[in-house]
file upload-v9.txt (compact mmCIF, C-alpha atoms)
# COMPACT_ATOMS: atom_id res chain seq x y z
CA MET V 97 -8.18 32.68 36.29
CA THR V 98 -6.71 36.15 35.92
CA PRO V 99 -7.30 38.15 32.74
CA LEU V 100 -3.61 37.85 31.86
CA ALA V 101 -3.65 34.07 32.30
CA LEU V 102 -6.85 33.87 30.24
CA ARG V 103 -5.25 35.87 27.40
CA ALA V 104 -2.18 33.61 27.48
CA ALA V 105 -4.36 30.49 27.34
CA VAL V 106 -6.38 31.82 24.40
CA ALA V 107 -3.22 32.90 22.57
CA SER V 108 -1.66 29.46 22.98
CA LEU V 109 -4.82 27.81 21.64
CA LEU V 110 -4.74 30.06 18.61
CA LEU V 111 -1.00 29.83 17.89
CA VAL V 112 -0.04 26.25 18.73
CA PRO V 113 -2.23 24.40 16.17
CA PRO V 114 -0.99 26.43 13.16
CA LEU V 115 2.62 26.12 14.31
CA ALA V 116 2.23 22.39 14.87
CA PHE V 117 0.68 22.08 11.41
CA LEU V 118 3.56 23.95 9.77
CA LEU V 119 6.12 21.84 11.60
CA ALA V 120 4.32 18.67 10.57
CA CYS V 121 4.37 19.87 6.96
CA ALA V 122 8.13 20.26 6.92
CA ARG V 123 9.55 17.15 5.31
CA ARG V 124 12.74 15.60 6.56
CA ALA V 125 15.73 16.46 4.43
CA LEU V 126 16.49 13.34 2.44
CA PRO V 127 19.65 12.61 0.51
CA PRO V 128 19.24 12.99 -3.25
CA PRO V 129 17.77 9.89 -4.93
CA ALA V 130 20.11 7.61 -6.86
CA CYS V 131 19.96 8.84 -10.44
CA PRO V 132 20.31 6.41 -13.33
CA PRO V 133 23.63 6.72 -15.19
CA ALA V 134 21.82 7.91 -18.34
CA ASP V 135 22.55 11.29 -19.89
CA ALA V 136 19.44 13.17 -18.71
CA VAL V 137 16.44 11.86 -16.77
CA VAL V 138 13.62 13.35 -14.74
CA LEU V 139 13.41 10.89 -11.84
CA VAL V 140 10.29 10.76 -9.66
CA ASP V 141 10.95 8.90 -6.40
CA THR V 142 7.35 8.13 -5.43
CA ALA V 143 8.24 6.72 -1.99
CA GLY V 144 10.23 9.84 -1.10
CA HIS V 145 7.78 12.23 -2.80
CA ARG V 146 10.52 14.01 -4.70
CA LEU V 147 11.49 14.77 -8.26
CA ALA V 148 15.14 14.94 -9.32
CA LEU V 149 16.61 16.46 -12.45
CA CYS V 150 19.39 13.99 -13.21
CA GLU V 151 22.38 14.67 -15.43
CA ALA V 152 25.18 12.13 -15.95
CA GLY V 153 24.06 10.07 -12.96
CA ALA V 154 23.84 12.95 -10.44
CA ALA V 155 20.91 15.03 -9.21
CA ALA V 156 21.27 18.62 -10.42
CA ALA V 157 18.12 19.67 -8.50
CA VAL V 158 15.56 17.96 -6.23
CA PHE V 159 12.00 19.13 -5.51
CA PRO V 160 9.20 17.78 -3.28
CA VAL V 161 6.10 16.58 -5.12
CA ALA V 162 2.51 15.47 -4.58
CA LEU V 163 1.19 12.42 -6.43
CA GLY V 164 -2.17 10.87 -7.25
CA SER V 165 -4.53 10.80 -4.28
CA ALA V 166 -5.02 7.00 -4.64
CA GLY V 167 -1.31 6.17 -4.76
CA THR V 168 0.71 4.65 -7.61
CA GLU V 169 0.46 1.88 -10.20
CA LYS V 170 -2.07 3.53 -12.49
CA ARG V 171 -4.22 1.06 -14.42
CA ALA V 172 -7.30 2.91 -15.63
CA GLU V 173 -8.56 6.34 -16.59
CA GLY V 174 -9.95 8.09 -13.53
CA ASP V 175 -8.33 5.82 -10.90
CA ARG V 176 -6.44 8.81 -9.37
CA ARG V 177 -3.18 6.82 -9.36
CA THR V 178 0.23 7.91 -10.64
CA PRO V 179 1.82 5.53 -13.17
CA LEU V 180 5.15 3.82 -12.57
CA GLY V 181 7.69 3.19 -15.32
CA ALA V 182 9.74 5.04 -17.93
CA TYR V 183 7.98 7.39 -20.33
CA ALA V 184 8.64 10.05 -22.94
CA LEU V 185 7.97 13.65 -21.93
CA GLY V 186 6.09 16.06 -24.17
CA ALA V 187 6.87 19.72 -24.63
CA PRO V 188 5.89 21.93 -21.67
CA ARG V 189 2.77 23.97 -22.36
CA PRO V 190 0.72 26.62 -20.56
CA SER V 191 -2.13 25.36 -18.39
CA ALA V 192 -5.03 27.45 -17.13
CA GLY V 193 -5.41 25.13 -14.12
CA PHE V 194 -1.76 24.58 -13.16
CA GLY V 195 0.39 27.27 -14.78
CA THR V 196 2.59 24.83 -16.73
CA PHE V 197 1.87 21.24 -17.80
CA ILE V 198 4.51 18.76 -19.06
CA PRO V 199 2.79 15.71 -20.62
CA ILE V 200 3.95 12.21 -19.62
CA GLY V 201 3.56 9.59 -22.37
CA TYR V 202 1.28 7.28 -20.38
CA PRO V 203 0.11 4.75 -21.40
CA THR V 204 2.74 3.52 -23.82
CA PRO V 205 1.47 1.60 -26.89
CA GLU V 206 2.51 -1.65 -25.15
CA GLN V 207 0.57 -0.70 -21.99
CA ARG V 208 -2.46 0.25 -24.09
CA ARG V 209 -2.39 -3.20 -25.74
CA ALA V 210 -2.28 -4.73 -22.25
CA GLY V 211 -5.51 -2.89 -21.38
CA LEU V 212 -4.16 0.06 -19.38
CA THR V 213 -5.99 3.33 -19.96
CA GLY V 214 -5.50 6.96 -19.03
CA SER V 215 -4.82 10.40 -20.44
CA ASN V 216 -3.67 13.86 -19.42
CA VAL V 217 -1.01 12.54 -17.04
CA GLY V 218 1.82 14.98 -16.54
CA ILE V 219 4.07 17.05 -14.36
CA HIS V 220 2.57 20.39 -13.38
CA GLY V 221 2.60 23.28 -10.95
CA PRO V 222 0.18 23.94 -8.12
CA ALA V 223 -3.51 24.52 -8.72
CA ARG V 224 -3.93 28.24 -9.52
CA ARG V 225 -6.18 28.86 -6.52
CA MET V 226 -3.55 27.32 -4.18
CA ARG V 227 -0.27 28.63 -5.60
CA TRP V 228 0.10 31.01 -2.65
CA ALA V 229 0.76 27.96 -0.41
CA GLY V 230 4.08 27.10 -2.10
CA ARG V 231 5.62 23.82 -0.94
CA LEU V 232 2.65 23.14 1.34
CA ASN V 233 0.99 22.03 -1.91
CA THR V 234 3.18 18.91 -1.78
CA TRP V 235 2.34 17.95 1.80
CA ALA V 236 -0.49 15.62 0.80
CA ASP V 237 -1.17 13.65 -2.39
CA TRP V 238 -4.04 15.38 -4.14
CA THR V 239 -3.70 15.00 -7.92
CA ALA V 240 -5.78 12.91 -10.32
CA GLY V 241 -2.64 10.89 -11.17
CA CYS V 242 -0.14 13.58 -12.07
CA VAL V 243 3.09 14.72 -10.40
CA ALA V 244 2.60 18.19 -8.86
CA LEU V 245 5.35 20.57 -7.82
CA GLY V 246 4.74 23.12 -5.08
CA SER V 247 5.53 26.38 -6.86
CA ASP V 248 5.68 28.03 -10.25
CA PRO V 249 9.49 28.56 -10.06
CA GLU V 250 9.96 24.82 -9.41
CA VAL V 251 7.85 23.75 -12.41
CA ALA V 252 9.61 26.42 -14.51
CA ALA V 253 12.97 24.83 -13.62
CA VAL V 254 11.68 21.38 -14.64
CA ALA V 255 10.18 22.79 -17.86
CA ALA V 256 13.49 24.48 -18.76
CA PHE V 257 15.36 21.21 -18.12
CA VAL V 258 12.88 19.30 -20.32
CA GLU V 259 13.14 21.86 -23.13
CA ARG V 260 16.94 21.96 -22.94
CA ARG V 261 17.72 18.24 -22.48
CA ARG V 262 14.66 16.35 -23.85
CA PRO V 263 14.90 13.69 -21.13
CA ARG V 264 12.58 10.80 -20.41
CA VAL V 265 10.84 10.51 -17.05
CA VAL V 266 11.28 7.53 -14.74
CA LEU V 267 8.65 7.09 -12.03
CA ARG V 268 9.64 4.49 -9.43

call {"tool": "encode", "arguments": {"input": "upload-v9.txt", "output": "structure tokens"}}
result
Amino acid sequence: MTPLALRAAVASLLLVPPLAFLLACARRALPPPACPPADAVVLVDTAGHRLALCEAGAAAAVFPVALGSAGTEKRAEGDRRTPLGAYALGAPRPSAGFGTFIPIGYPTPEQRRAGLTGSNVGIHGPARRMRWAGRLNTWADWTAGCVALGSDPEVAAVAAFVERRRPRVVLR
């Protein structure tokens, strides 16, 4: 093998895996999820891994998200699952670990009576040590049961919507 051919082979080995990874990380563009006809709702489409800010039945903005690493249908504290259902949203607050945290009212009093447990479930930004990765943070489900956005500007947009409109969140 000539030196030039050897350099080309080494370069392709070094460049192709990262490019393939980045291409695999790019999610297909999906149409906006069907928003409920309610006034204002934060809709989390768990199957499509996206969060929509819904106003008057239309998506005003859509963002990719990561969910709990064990999937959905949260039942117990520590199960690493994201809950499904409709919940109240608390006021956005600063978070040392995630930049901004928006509490989700899980479990509801009715769910608690039924034996479901959990706490500190919310919508938040990327982990501080990984915020440089942007939307790559939403490529895989990694949270302890929360809904994670990929960047600080995305969670800031959701926080502003929550502060302005006081919507509920629907996770389906």

call {"tool": "residues_around", "arguments": {"input": "upload-v9.txt", "residues": "range 212-228 of chain V", "least_positions_apart": "5", "cutoff": "6 Å", "atoms": "all atoms listed in the file", "output": "PDB file with C-alpha atoms, in the coordinates of the input"}}
result
ATOM      1  CA  ARG V 171      -4.220   1.060 -14.420  1.00  0.00           C
ATOM      2  CA  ALA V 172      -7.300   2.910 -15.630  1.00  0.00           C
ATOM      3  CA  GLU V 173      -8.560   6.340 -16.590  1.00  0.00           C
ATOM      4  CA  GLY V 193      -5.410  25.130 -14.120  1.00  0.00           C
ATOM      5  CA  PHE V 194      -1.760  24.580 -13.160  1.00  0.00           C
ATOM      6  CA  GLY V 195       0.390  27.270 -14.780  1.00  0.00           C
ATOM      7  CA  THR V 196       2.590  24.830 -16.730  1.00  0.00           C
ATOM      8  CA  PHE V 197       1.870  21.240 -17.800  1.00  0.00           C
ATOM      9  CA  ILE V 198       4.510  18.760 -19.060  1.00  0.00           C
ATOM     10  CA  PRO V 199       2.790  15.710 -20.620  1.00  0.00           C
ATOM     11  CA  ILE V 200       3.950  12.210 -19.620  1.00  0.00           C
ATOM     12  CA  GLN V 207       0.570  -0.700 -21.990  1.00  0.00           C
ATOM     13  CA  CYS V 242      -0.140  13.580 -12.070  1.00  0.00           C
ATOM     14  CA  VAL V 243       3.090  14.720 -10.400  1.00  0.00           C
ATOM     15  CA  ALA V 244       2.600  18.190  -8.860  1.00  0.00           C
ATOM     16  CA  LEU V 245       5.350  20.570  -7.820  1.00  0.00           C
ATOM     17  CA  GLY V 246       4.740  23.120  -5.080  1.00  0.00           C
ATOM     18  CA  SER V 247       5.530  26.380  -6.860  1.00  0.00           C
ATOM     19  CA  ASP V 248       5.680  28.030 -10.250  1.00  0.00           C
ATOM     20  CA  VAL V 251       7.850  23.750 -12.410  1.00  0.00           C
TER      21      VAL V 251
END

call {"tool": "residues_around", "arguments": {"input": "upload-v9.txt", "residues": "Ala134 in chain V", "least_positions_apart": "2", "cutoff": "7 Å", "atoms": "only C-alpha atoms", "output": "PDB file with C-alpha atoms, in the coordinates of the input"}}
result
ATOM      1  CA  PRO V 132      20.310   6.410 -13.330  1.00  0.00           C
ATOM      2  CA  ALA V 136      19.440  13.170 -18.710  1.00  0.00           C
ATOM      3  CA  VAL V 137      16.440  11.860 -16.770  1.00  0.00           C
ATOM      4  CA  ALA V 152      25.180  12.130 -15.950  1.00  0.00           C
ATOM      5  CA  GLY V 153      24.060  10.070 -12.960  1.00  0.00           C
TER       6      GLY V 153
END

call {"tool": "atom_distance", "arguments": {"input": "upload-v9.txt", "atom1": "CA of Leu185 in chain V", "atom2": "CA of Ala229 in chain V"}}
result
26.8 Å

call {"tool": "atom_distance", "arguments": {"input": "upload-v9.txt", "atom1": "CA of Gly164 in chain V", "atom2": "CA of Arg176 in chain V"}}
result
5.2 Å

call {"tool": "atom_distance", "arguments": {"input": "upload-v9.txt", "atom1": "CA of Thr142 in chain V", "atom2": "CA of Val266 in chain V"}}
result
10.1 Å

call {"tool": "closest_residue", "arguments": {"input": "upload-v9.txt", "among": "V:Pro205, V:Gly211, V:Gly186, V:Gly174", "to": "Ala255 in chain V", "atoms": "all atoms listed in the file"}}
result
V:Gly186

call {"tool": "axis_aligned_box", "arguments": {"input": "upload-v9.txt", "around": "range 168-185 of chain V", "padding_each_side": "5 Å", "output": "JSON"}}
result
{"center_x": -0.1, "center_y": 7.4, "center_z": -15.3, "size_x": 29.7, "size_y": 22.6, "size_z": 25.3}

call {"tool": "closest_residue", "arguments": {"input": "upload-v9.txt", "among": "V:Ala157, V:Val254, V:Cys150, V:Ala182", "to": "Tyr202 in chain V", "atoms": "all atoms listed in the file"}}
result
V:Ala182

call {"tool": "decode", "arguments": {"input": "upload-v9.txt", "residues": "range 170-188 of chain V", "atoms": "N, CA and C atoms", "output": "PDB file, in the first residue's frame"}}
result
ATOM      1  N   LYS V 170     -44.720   5.517  34.566  1.00  0.00           N
ATOM      2  CA  LYS V 170     -44.121   5.570  35.900  1.00  0.00           C
ATOM      3  C   LYS V 170     -45.084   5.021  36.944  1.00  0.00           C
ATOM      4  N   ARG V 171     -44.566   4.230  37.852  1.00  0.00           N
ATOM      5  CA  ARG V 171     -45.364   3.644  38.934  1.00  0.00           C
ATOM      6  C   ARG V 171     -44.749   3.920  40.306  1.00  0.00           C
ATOM      7  N   ALA V 172     -43.425   3.937  40.368  1.00  0.00           N
ATOM      8  CA  ALA V 172     -42.776   4.025  41.676  1.00  0.00           C
ATOM      9  C   ALA V 172     -41.543   4.915  41.645  1.00  0.00           C
ATOM     10  N   GLU V 173     -41.270   5.530  42.772  1.00  0.00           N
ATOM     11  CA  GLU V 173     -40.061   6.333  42.951  1.00  0.00           C
ATOM     12  C   GLU V 173     -38.847   5.508  42.536  1.00  0.00           C
ATOM     13  N   GLY V 174     -37.982   6.090  41.731  1.00  0.00           N
ATOM     14  CA  GLY V 174     -36.748   5.420  41.343  1.00  0.00           C
ATOM     15  C   GLY V 174     -36.864   4.446  40.192  1.00  0.00           C
ATOM     16  N   ASP V 175     -38.039   4.302  39.552  1.00  0.00           N
ATOM     17  CA  ASP V 175     -38.175   3.323  38.463  1.00  0.00           C
ATOM     18  C   ASP V 175     -37.654   3.826  37.116  1.00  0.00           C
ATOM     19  N   ARG V 176     -37.185   5.075  37.061  1.00  0.00           N
ATOM     20  CA  ARG V 176     -36.584   5.683  35.861  1.00  0.00           C
ATOM     21  C   ARG V 176     -37.562   5.725  34.672  1.00  0.00           C
ATOM     22  N   ARG V 177     -38.848   5.788  34.981  1.00  0.00           N
ATOM     23  CA  ARG V 177     -39.884   5.875  33.945  1.00  0.00           C
ATOM     24  C   ARG V 177     -40.510   7.272  33.966  1.00  0.00           C
ATOM     25  N   THR V 178     -40.986   7.709  32.810  1.00  0.00           N
ATOM     26  CA  THR V 178     -41.687   8.982  32.681  1.00  0.00           C
ATOM     27  C   THR V 178     -43.185   8.716  32.816  1.00  0.00           C
ATOM     28  N   PRO V 179     -43.888   9.514  33.639  1.00  0.00           N
ATOM     29  CA  PRO V 179     -45.322   9.275  33.804  1.00  0.00           C
ATOM     30  C   PRO V 179     -46.110   9.666  32.559  1.00  0.00           C
ATOM     31  N   LEU V 180     -47.270   9.051  32.406  1.00  0.00           N
ATOM     32  CA  LEU V 180     -48.219   9.414  31.359  1.00  0.00           C
ATOM     33  C   LEU V 180     -49.435  10.010  32.035  1.00  0.00           C
ATOM     34  N   GLY V 181     -50.102  10.950  31.372  1.00  0.00           N
ATOM     35  CA  GLY V 181     -51.309  11.556  31.922  1.00  0.00           C
ATOM     36  C   GLY V 181     -51.267  13.061  31.819  1.00  0.00           C
ATOM     37  N   ALA V 182     -52.233  13.706  32.458  1.00  0.00           N
ATOM     38  CA  ALA V 182     -52.334  15.165  32.487  1.00  0.00           C
ATOM     39  C   ALA V 182     -52.008  15.650  33.893  1.00  0.00           C
ATOM     40  N   TYR V 183     -51.155  16.658  33.983  1.00  0.00           N
ATOM     41  CA  TYR V 183     -50.676  17.142  35.273  1.00  0.00           C
ATOM     42  C   TYR V 183     -50.557  18.659  35.280  1.00  0.00           C
ATOM     43  N   ALA V 184     -50.607  19.219  36.477  1.00  0.00           N
ATOM     44  CA  ALA V 184     -50.327  20.641  36.661  1.00  0.00           C
ATOM     45  C   ALA V 184     -48.817  20.850  36.515  1.00  0.00           C
ATOM     46  N   LEU V 185     -48.433  22.036  36.104  1.00  0.00           N
ATOM     47  CA  LEU V 185     -47.024  22.412  36.032  1.00  0.00           C
ATOM     48  C   LEU V 185     -46.738  23.459  37.099  1.00  0.00           C
ATOM     49  N   GLY V 186     -45.609  23.305  37.789  1.00  0.00           N
ATOM     50  CA  GLY V 186     -45.187  24.295  38.766  1.00  0.00           C
ATOM     51  C   GLY V 186     -44.431  25.420  38.086  1.00  0.00           C
ATOM     52  N   ALA V 187     -44.080  26.406  38.871  1.00  0.00           N
ATOM     53  CA  ALA V 187     -43.319  27.546  38.347  1.00  0.00           C
ATOM     54  C   ALA V 187     -41.890  27.114  38.014  1.00  0.00           C
ATOM     55  N   PRO V 188     -41.368  27.533  36.863  1.00  0.00           N
ATOM     56  CA  PRO V 188     -39.977  27.222  36.522  1.00  0.00           C
ATOM     57  C   PRO V 188     -39.038  27.785  37.587  1.00  0.00           C
TER      58      PRO V 188
END
